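Asks: Below: one structure in structure tokens.
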Amino acid sequence: MNRTVGLWLLVGIVGFCALPWYVLEDGLWSFEWLDGYPYDTDYAPGLFLLLQGEKLWLSPIAFLLALPLLIIGASKRNINFSRILLVAGGVGLFYLLAQGFAIGIRGWNADVFTQSFGELGDRQFGFGFGAMFVGAAFLFFLTTGIAARGIVNGDVFVVGSIGFVIALVGLFILYPVLNMLSSALQTNDGVYSIGVFFSKFFSNKIWGLGCLTENRSCGVAWNSLVLAICVGALTTLLGLVFALVATRSGLRQAHLLRPLTVLPIITPPFVIGLAIILLFGLSGAVTTFVADLLGINPTRWVYGLPGILIAQLLSFTPIAFLVLIGVVEGVSPSMEEASQTLRASRWQTFKTVSLPLMRPGLANAFLLGFIESMADFGNPLVLGGNYDVLSTEIFFAIVGAQNDQGKAAVLAIVLLIFTLSAFYAQRRWLGKKSYTTQTGKGDSGIPAALPRRILFPCYVLVGIWGTFTLVVYGMIVYGGFVEVWGLNHTLTFKHYITAFDINFNDNGIHFKGSAWDSFWTTLRIAATAAPLTAVIGLVTAYLLVRQNFSGKNAFEFGTMLSFAIPGTVIGVAYILAFNVPPLELTGTGVILVLSFIFRNMPVGIRAGIASMSQLDKSLDEASLTLGANTWRTFKEIILPLMKPAIVAALVFSFVRAMTAISAVIFLVSAEHNMATSYIIGRVENNDYGIAIAYSTVLIVVMLTAVTLTQLLVGKSKTGRRSSAKTLPAV
Amino acid sequence: MTATIKSKAASVEFRDVSKIYGTDVTAVDRVSLKVNAGELVTLLGPSGCGKTTTLRMIAGLEMVSSGSVFIGDNDVTLLPATDRDVSMVFQSYALFPHMNVFENVSYGLRVSKLGKQDIQEKTNTGLELVGLAGYGDRLPSELSGGQQQRVAVARALVLEPQVLLFDEPLSNLDAKLRRQVREEIRELQTKLGLTVVYVTHDQEEALAVSDRIIVMRNASIAQNGSPRDLYEQPTDSFVADFIGEANIMDVAINSVDAQTGLAEVRIGDLQLQLASRDIPVGPAKLAVRPNRIILSSQASGSALAGTVSKSTYVGNHMEYVVTTDHGEWFAVSNDVDATHGVGSDVNVQFSERGPVLLPH
Ligand SMILES: Nc1ncnc2c1ncn2[C@@H]1O[C@H](COP(=O)(O)OP(=O)(O)O)[C@@H](O)[C@H]1O
Ligand SMILES: [Mg+2]
């Protein structure tokens, strides 16, 4: 019998006959459900439900699941083999989802069904492990059937992987986002209305231009746009300056700039905002100093556009630096030398040769800064004052007194339109170029030194920025040891004790501090999400780099899409989509894990693509001609050779999961609170001491993780293999 | 060592095979060919003519766009590489950098789930065959280019494939090693009776190793024949020029004797009777190898008069360029003692089997 079909048949049968069909309130691992299993209808497997005459609409599923039994022993070439798998998988998957969406906790989910079928008089909860297993079985029946038709050379592993990734992206990116679009079209009573959508979409609160004519504030869309453009332009400029100093100044200390690139990875986004408050807030160090000096009253000038701008510049410049350092290094020195031999001065060379060659990189850096600024939630929340931006406005529409999901959805759509346009522009502009690695360029020229009139301002800027960054991070460390910032600067361990107190008693260690709970939850969830992100990212990268199939462009776009979806939007979309059956996930840890996986997937994909394009394709082909199938090749050749990329992707997604805030803040629950949302909560209570102490601890933990990895990866590089190390693109 | 490596050599056949990349790049255009079991056939042609693509279609790494592929008696057109009994030695060797030599060579055996003992013995036999016994623990990066190449050959051999493929196996070796390695490959092939398809763009290499050469041009076959056929009886000026150098001149066939099949051709005063090779009366081309041109100060019989315009001493032979009323001729002479100086008048004649008529 065909092994793939047998395996998935087994999974399906276990799912239908042994595992609880519906979602379990206390989770699978509490085993609370064993009490009453298998007859209690809340915990029963599908088979036992049917045997008891319950939930009879599940019976077609049993039939479809059993269909492949007919082809046990049939050959792959048998036409019935693919036909039966296609029917069982396709119809099964469709029916499973259809019944899930059609019947919810209040019976029929839509009036049309009630009208045509009458009252159901029954209801069901969301999918549980049983339904999930059966769904997986159907999915892989379908892909195996498709493969048997000869698609992608009839490769079961490749077709299965493609199907798997499509299913995940569809379920956890496209479905929530589309669902959110549809809820934007509804009134709060669930009635569809285009008029309501338009009145919300074109509301003055979003697009108003009051700030130009009167003394009112402008719409949030304009606020976000202005901020994002400023941040994009300034981070690009600063990033370029840094990159030039790091590579072209000939300064020996220039390599000290490189560690800066690690900072944005390990710093939770709002931490810079906190430090800005400590410096420039009403009772900030600088504010009070200047006020004393000039004898004026301290003001709240930093709250609003200036504060957010400073915080975002500090947060995102390193990202632009990371992008541009590659670009600057990629400018071929021999072209510059050519220009100089043609009697151009250094300045002319820079202006007419170097700069134009960097143009695509500059565009890329600008758009990255633009998207990051649009999506940033932490800094505007901490520093925004009256300057409302889209991401915070969405948050308050959901959690505030208004609780207006429709409004949140509309705002999210506006935000999404901005970021998607930027994303689209970036892809149009750069095409595929952004992925090609520039390795082994045998260019022996010496990079042209910078003209002096550029170099000097660069040094000044770098000096200011560097000092400022040092002060900011110093503030963060120092602030955690101060009694009450601005009032009482006595040094104390108070905040650390409140947050991270540990008691040793007879029962062992007792984690008494208030932060431990969220700290462990964060570690656990980040550690769960990281390997899954890495796996999905690498499999997707493998499909994109090594396989050819029709629809590959759409596939790539779909998988990279979540890069352009701000966390806030994902957060809103998730709570709207996964609050009700068939996928009931709100309040669980699963929804946090899922949001991290799909938020960080593009990073995993990029890391994978970068390192896989450096692996000679003939290695895979050699393995194939030696009789290994694609799965075996993937496992024995590609994975081991990608170890550095895998480790990098793992750490990166782990760290990103620890620092994320924008999606998390919508998805946390009392039971699953995360470090970042805990800190934000402290900030909102003006409890800066604990917030800063906790942030410091997070930074230290992540710094340790990153450093350890660099050591590990570095070691494996000098060991048995000679493949190049790759850094994940941000 | 008890294990031996045998050959399960089988023939390869292409029937009307085409390969189109995307929508408009025709890499291979309706090619039919047959490689007999135990034969070494070379695909020869300029870069981009479709050799690698042809080879990869035999391996199953590319699927044909139309036509069918047979290995032995089996139609393997739809089988992917994994399921074909074909091994390939890659241009870059494609040794797995994270495995040592032993693990590399035994990879295919492990994948096909042989017993431990078998794997051990076969692998060692394979390494011995290529003269690398005792190198099992080395990593590929610790081997020289030639040794890496031999590991790649051993790795392909131990599977006892029906067909063994080489894609420009010598291109990463330095000139001295090339001759040695190509002789080793040929020796192994004859010893084990393997069916080998060998790709190269180097005509000298092709002439040296092959039983038969298939010359490709622009995605199709230009000529298929033994090395001698190709050299002495090229079908057109492309093949004549690609295999060794040739003087190719426009001529006119005056008449063809229907009985003997001999064509009468005239170049100035030089009169020739040549096999017409079914070329009709009218314009045609004449190909003459430089070493088949005889230069003399006094001619017996009809000859073409010319003047030496270049005369170069290159050690073991002389190279001349002779200007005549009918073009410039490049000639090579082994006589390095009695030379013709620049400006001297010479008579140009061809040796008996030298000139070949080609279609216009
Ligand atoms: N994967 C591919 N996609 C598109 N065109 C290709 C691909 N591989 C080869 N070609 C094209 O097919 C033609 C034949 O290539 P190839 O078989 O590699 O030539 P050769 O090995 O004789 O140099 C070339 O024009 C090449 O550009
Ligand atoms: Mg080639």
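Residue numbering restarts at 1 in every chain; chains get A, B, ... in the order shown in the structure tokens, and ligands count up from 1 in that same order.
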Run DSSP on the backbone and grab whatever in range 103-236 of chain B lands in strand (DSSP E); send it over as number ranges by chain.
Replies: B: 163-167, 196-200, 212-217, 220-225
Asks: Compute the chain A side of the contact with chain B at 7 Å, counting only C-alpha atoms, and hand it back as a list in words.
Replies: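 Within 7 Å of chain B on chain A, we get Asn153, Ser618, Leu619, Ala622, Leu624, Thr625, Leu626, Gly627, Ala628, Asn629, Leu641, Arg720 and Arg721 of chain A.
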Asks: Check which residues of chain B sit at most 6 Å from ligand 1 using only C-alpha atoms and all ligand atoms, and return one row each with the closest pair of atoms and their distance in Å to one decimal, ordered by chain and rising number, as a tab-separated table.
Replies:
residue	atom	partner	partner_atom_place_in_ligand_line	distance
B:Tyr21	CA	ligand 1	4 (C)	4.8
B:Val25	CA	ligand 1	5 (N)	5.9
B:Ala27	CA	ligand 1	12 (O)	4.0
B:Ser47	CA	ligand 1	23 (O)	3.7
B:Gly48	CA	ligand 1	19 (O)	3.4
B:Cys49	CA	ligand 1	22 (O)	4.0
B:Gly50	CA	ligand 1	17 (O)	3.2
B:Lys51	CA	ligand 1	22 (O)	3.7
B:Thr52	CA	ligand 1	21 (O)	3.6
B:Thr53	CA	ligand 1	17 (O)	3.7
Asks: For the residues in that selection, give me C-alpha atoms as a PDB file, in the first residue's frame.
Replies:
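Saved the output as result-v8.pdb:
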ATOM      1  CA  TYR B  21      11.932  26.401 -21.110  1.00  0.00           C
ATOM      2  CA  VAL B  25      13.423  29.069 -25.126  1.00  0.00           C
ATOM      3  CA  ALA B  27      16.854  24.224 -25.545  1.00  0.00           C
ATOM      4  CA  SER B  47      28.173  26.521 -25.232  1.00  0.00           C
ATOM      5  CA  GLY B  48      24.395  26.895 -25.057  1.00  0.00           C
ATOM      6  CA  CYS B  49      23.593  24.342 -27.756  1.00  0.00           C
ATOM      7  CA  GLY B  50      21.608  22.119 -25.401  1.00  0.00           C
ATOM      8  CA  LYS B  51      24.094  19.461 -24.298  1.00  0.00           C
ATOM      9  CA  THR B  52      23.517  19.823 -20.579  1.00  0.00           C
ATOM     10  CA  THR B  53      19.785  19.917 -21.085  1.00  0.00           C
TER      11      THR B  53
END
Asks: Could you tell me how far CA of Cys230 in chain A sits from CA of Leu257 in chain A, in Å to one decimal place?
Replies: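 About the pair CA of Leu257 in chain A and CA of Cys230 in chain A: they are 23.5 Å apart.
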Asks: Applying 10 Å and only C-alpha atoms, which residues near Ala649 in chain A remain after dropping the ones on its own chain fewer than 4 positions away? List them as number ranges by chain.
Replies: A: 530-531, 533-535, 537-538, 600-601, 603-608, 643-645, 653-655, 727-728
Asks: Using the selection just defined, write its residues with C-alpha atoms as a PDB file, in the first residue's frame.
Replies:
ATOM      1  CA  ALA A 530      10.545  29.959  17.147  1.00  0.00           C
ATOM      2  CA  PRO A 531      11.075  26.410  15.837  1.00  0.00           C
ATOM      3  CA  THR A 533       8.535  29.747  12.415  1.00  0.00           C
ATOM      4  CA  ALA A 534      11.913  28.446  11.337  1.00  0.00           C
ATOM      5  CA  VAL A 535      10.436  25.238   9.901  1.00  0.00           C
ATOM      6  CA  GLY A 537      10.040  29.665   6.780  1.00  0.00           C
ATOM      7  CA  LEU A 538      12.657  27.202   5.577  1.00  0.00           C
ATOM      8  CA  ASN A 600       7.850  36.450  11.653  1.00  0.00           C
ATOM      9  CA  MET A 601       7.508  33.989   8.804  1.00  0.00           C
ATOM     10  CA  VAL A 603      12.059  36.728   8.223  1.00  0.00           C
ATOM     11  CA  GLY A 604      12.476  32.965   8.245  1.00  0.00           C
ATOM     12  CA  ILE A 605      11.770  32.852   4.530  1.00  0.00           C
ATOM     13  CA  ARG A 606      14.310  35.541   3.752  1.00  0.00           C
ATOM     14  CA  ALA A 607      16.987  33.936   5.869  1.00  0.00           C
ATOM     15  CA  GLY A 608      16.233  30.634   4.163  1.00  0.00           C
ATOM     16  CA  LYS A 643      22.332  24.812   9.966  1.00  0.00           C
ATOM     17  CA  PRO A 644      23.658  28.349  10.381  1.00  0.00           C
ATOM     18  CA  ALA A 645      20.598  29.804   8.703  1.00  0.00           C
ATOM     19  CA  SER A 653      12.078  34.601  15.678  1.00  0.00           C
ATOM     20  CA  PHE A 654      12.584  33.848  19.366  1.00  0.00           C
ATOM     21  CA  VAL A 655      13.819  37.347  20.028  1.00  0.00           C
ATOM     22  CA  LEU A 727      22.575  37.095   8.479  1.00  0.00           C
ATOM     23  CA  PRO A 728      18.854  37.326   8.305  1.00  0.00           C
TER      24      PRO A 728
END
Asks: Using DSSP secondary structure from the backbone, list all alpha helix (DSSP H) positions within range 36-268 of chain B, as a PyMOL selection string.
Replies: chain B and resi 51-59+101-111+116-129+145-157+175-192+203-209+227-232+237-242
Asks: If we count only C-alpha atoms, what is near Asn364 in chain A at a cut-off of 9 Å, once residues fewer than 2 positions away on the same chain are taken out, given as a short mmCIF file (atom, residue, chain, number, x, y, z; two decimals) with all heavy atoms, in the first residue's frame?
Replies:
data_model
loop_
_atom_site.label_atom_id
_atom_site.label_comp_id
_atom_site.auth_asym_id
_atom_site.auth_seq_id
_atom_site.Cartn_x
_atom_site.Cartn_y
_atom_site.Cartn_z
N THR A 236 16.73 56.75 6.46
CA THR A 236 17.53 56.44 5.28
C THR A 236 18.79 57.31 5.24
O THR A 236 19.89 56.82 5.03
CB THR A 236 16.72 56.68 4.00
OG1 THR A 236 15.51 55.95 4.10
CG2 THR A 236 17.48 56.23 2.79
N ALA A 320 17.95 50.69 8.76
CA ALA A 320 18.39 51.30 7.49
C ALA A 320 19.88 51.08 7.31
O ALA A 320 20.36 50.80 6.21
CB ALA A 320 18.06 52.79 7.51
N VAL A 323 20.55 47.64 6.00
CA VAL A 323 20.26 47.51 4.57
C VAL A 323 21.33 48.20 3.75
O VAL A 323 21.86 47.65 2.78
CB VAL A 323 18.89 48.14 4.25
CG1 VAL A 323 18.66 48.19 2.76
CG2 VAL A 323 17.78 47.35 4.93
N LEU A 324 21.69 49.42 4.17
CA LEU A 324 22.55 50.24 3.32
C LEU A 324 24.01 49.83 3.37
O LEU A 324 24.75 50.07 2.43
CB LEU A 324 22.39 51.71 3.71
CG LEU A 324 21.04 52.27 3.28
CD1 LEU A 324 20.79 53.65 3.85
CD2 LEU A 324 20.96 52.32 1.76
N ARG A 359 20.88 53.89 -5.51
CA ARG A 359 19.50 54.34 -5.48
C ARG A 359 18.49 53.25 -5.09
O ARG A 359 17.63 53.48 -4.23
CB ARG A 359 19.12 54.98 -6.82
CG ARG A 359 18.01 55.98 -6.68
CD ARG A 359 17.66 56.60 -8.00
NE ARG A 359 18.68 57.50 -8.50
CZ ARG A 359 18.90 57.70 -9.81
NH1 ARG A 359 18.19 57.08 -10.70
NH2 ARG A 359 19.83 58.54 -10.20
N PRO A 360 18.59 52.05 -5.68
CA PRO A 360 17.62 51.03 -5.27
C PRO A 360 17.70 50.70 -3.79
O PRO A 360 16.68 50.51 -3.13
CB PRO A 360 18.02 49.80 -6.10
CG PRO A 360 18.93 50.30 -7.14
CD PRO A 360 19.54 51.57 -6.67
N GLY A 361 18.92 50.69 -3.25
CA GLY A 361 19.09 50.40 -1.84
C GLY A 361 18.48 51.50 -0.98
O GLY A 361 17.85 51.23 0.05
N LEU A 362 18.63 52.73 -1.42
CA LEU A 362 18.05 53.85 -0.68
C LEU A 362 16.53 53.73 -0.66
O LEU A 362 15.89 53.92 0.37
CB LEU A 362 18.47 55.17 -1.30
CG LEU A 362 19.97 55.50 -1.20
CD1 LEU A 362 20.31 56.74 -2.00
CD2 LEU A 362 20.37 55.67 0.25
N PHE A 366 14.20 53.35 2.63
CA PHE A 366 13.11 54.30 2.90
C PHE A 366 11.81 53.54 3.16
O PHE A 366 11.10 53.79 4.12
CB PHE A 366 12.92 55.26 1.72
CG PHE A 366 11.72 56.15 1.87
CD1 PHE A 366 11.80 57.30 2.64
CD2 PHE A 366 10.51 55.82 1.28
CE1 PHE A 366 10.69 58.11 2.81
CE2 PHE A 366 9.40 56.62 1.45
CZ PHE A 366 9.49 57.78 2.21
N LEU A 367 11.52 52.58 2.28
CA LEU A 367 10.24 51.88 2.41
C LEU A 367 10.20 51.03 3.67
O LEU A 367 9.16 50.93 4.33
CB LEU A 367 10.00 51.02 1.17
CG LEU A 367 9.71 51.92 -0.03
CD1 LEU A 367 9.83 51.15 -1.33
CD2 LEU A 367 8.33 52.53 0.09
N LEU A 368 11.34 50.46 4.04
CA LEU A 368 11.37 49.71 5.29
C LEU A 368 11.08 50.62 6.48
O LEU A 368 10.27 50.28 7.35
CB LEU A 368 12.75 49.08 5.48
CG LEU A 368 12.91 47.66 4.96
CD1 LEU A 368 14.34 47.19 5.14
CD2 LEU A 368 11.97 46.74 5.71
N GLY A 369 11.72 51.77 6.50
CA GLY A 369 11.48 52.72 7.58
C GLY A 369 10.03 53.16 7.60
O GLY A 369 9.41 53.26 8.65
N GLN A 426 7.79 48.93 -3.38
CA GLN A 426 9.13 48.39 -3.17
C GLN A 426 9.40 47.24 -4.12
O GLN A 426 10.44 47.15 -4.76
CB GLN A 426 9.25 47.91 -1.72
CG GLN A 426 10.62 47.38 -1.38
CD GLN A 426 10.58 46.55 -0.12
OE1 GLN A 426 9.56 45.97 0.22
NE2 GLN A 426 11.70 46.49 0.56
N TRP A 429 9.71 48.39 -7.72
CA TRP A 429 10.94 49.11 -7.92
C TRP A 429 12.14 48.17 -7.99
O TRP A 429 12.99 48.28 -8.85
CB TRP A 429 11.13 50.11 -6.79
CG TRP A 429 12.09 51.18 -7.12
CD1 TRP A 429 13.14 51.10 -8.00
CD2 TRP A 429 12.09 52.50 -6.62
NE1 TRP A 429 13.79 52.28 -8.05
CE2 TRP A 429 13.17 53.17 -7.21
CE3 TRP A 429 11.29 53.19 -5.71
CZ2 TRP A 429 13.48 54.49 -6.92
CZ3 TRP A 429 11.60 54.49 -5.43
CH2 TRP A 429 12.67 55.14 -6.03
N LEU A 430 12.17 47.26 -7.05
CA LEU A 430 13.37 46.44 -6.94
C LEU A 430 13.27 45.13 -7.69
O LEU A 430 14.27 44.49 -7.94
CB LEU A 430 13.64 46.14 -5.47
CG LEU A 430 13.92 47.38 -4.65
CD1 LEU A 430 14.13 47.01 -3.21
CD2 LEU A 430 15.15 48.10 -5.19
N SER A 434 16.27 42.23 -4.79
CA SER A 434 16.54 42.24 -3.37
C SER A 434 16.99 40.88 -2.85
O SER A 434 17.54 40.78 -1.78
CB SER A 434 15.30 42.70 -2.61
OG SER A 434 14.19 42.03 -3.09
#
Asks: Which neighbours of Ile525 in chain A fall inside 9 Å, counting only C-alpha atoms, when residues of the same chain fewer than 5 positions from it are skipped, and could you give them as an mmCIF file with C-alpha atoms, in the first residue's frame?
Replies:
data_model
loop_
_atom_site.group_PDB
_atom_site.id
_atom_site.type_symbol
_atom_site.label_atom_id
_atom_site.label_comp_id
_atom_site.auth_asym_id
_atom_site.auth_seq_id
_atom_site.Cartn_x
_atom_site.Cartn_y
_atom_site.Cartn_z
ATOM 1 C CA TRP A 520 7.832 32.493 31.865
ATOM 2 C CA ALA A 530 10.545 29.959 17.147
ATOM 3 C CA GLY A 589 -1.577 30.579 24.136
ATOM 4 C CA VAL A 590 -2.069 29.085 20.681
ATOM 5 C CA LEU A 592 -0.139 34.092 20.467
ATOM 6 C CA VAL A 593 2.054 31.393 19.001
ATOM 7 C CA PHE A 596 4.234 35.132 16.083
ATOM 8 C CA PHE A 654 12.584 33.848 19.366
ATOM 9 C CA ALA A 657 8.509 37.043 19.740
ATOM 10 C CA MET A 658 9.888 38.376 23.012
ATOM 11 C CA MET A 674 3.297 38.538 27.863
#
Asks: May I have the residues within 9 Å of Gly146 in chain B as a ChimeraX atom specification, using only C-alpha atoms and disregarding those fewer than 5 positions away in the same chain?
Replies: /B:151,170,172-174,177-178,181
Asks: Near Ser75 in chain A, within 9 Å and counting only C-alpha atoms, which residues show up once chain neighbours fewer than 4 positions away are dropped, as a list in words?
Replies: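 My list of contacting residues is Met1, Asn2, Ile71, Ile79 and Phe81 of chain A.
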Asks: Report, in Å with one decimal, the straight-line distance from CA of Asn247 in chain B to CA of Leu286 in chain B.
Replies: 7.8 Å
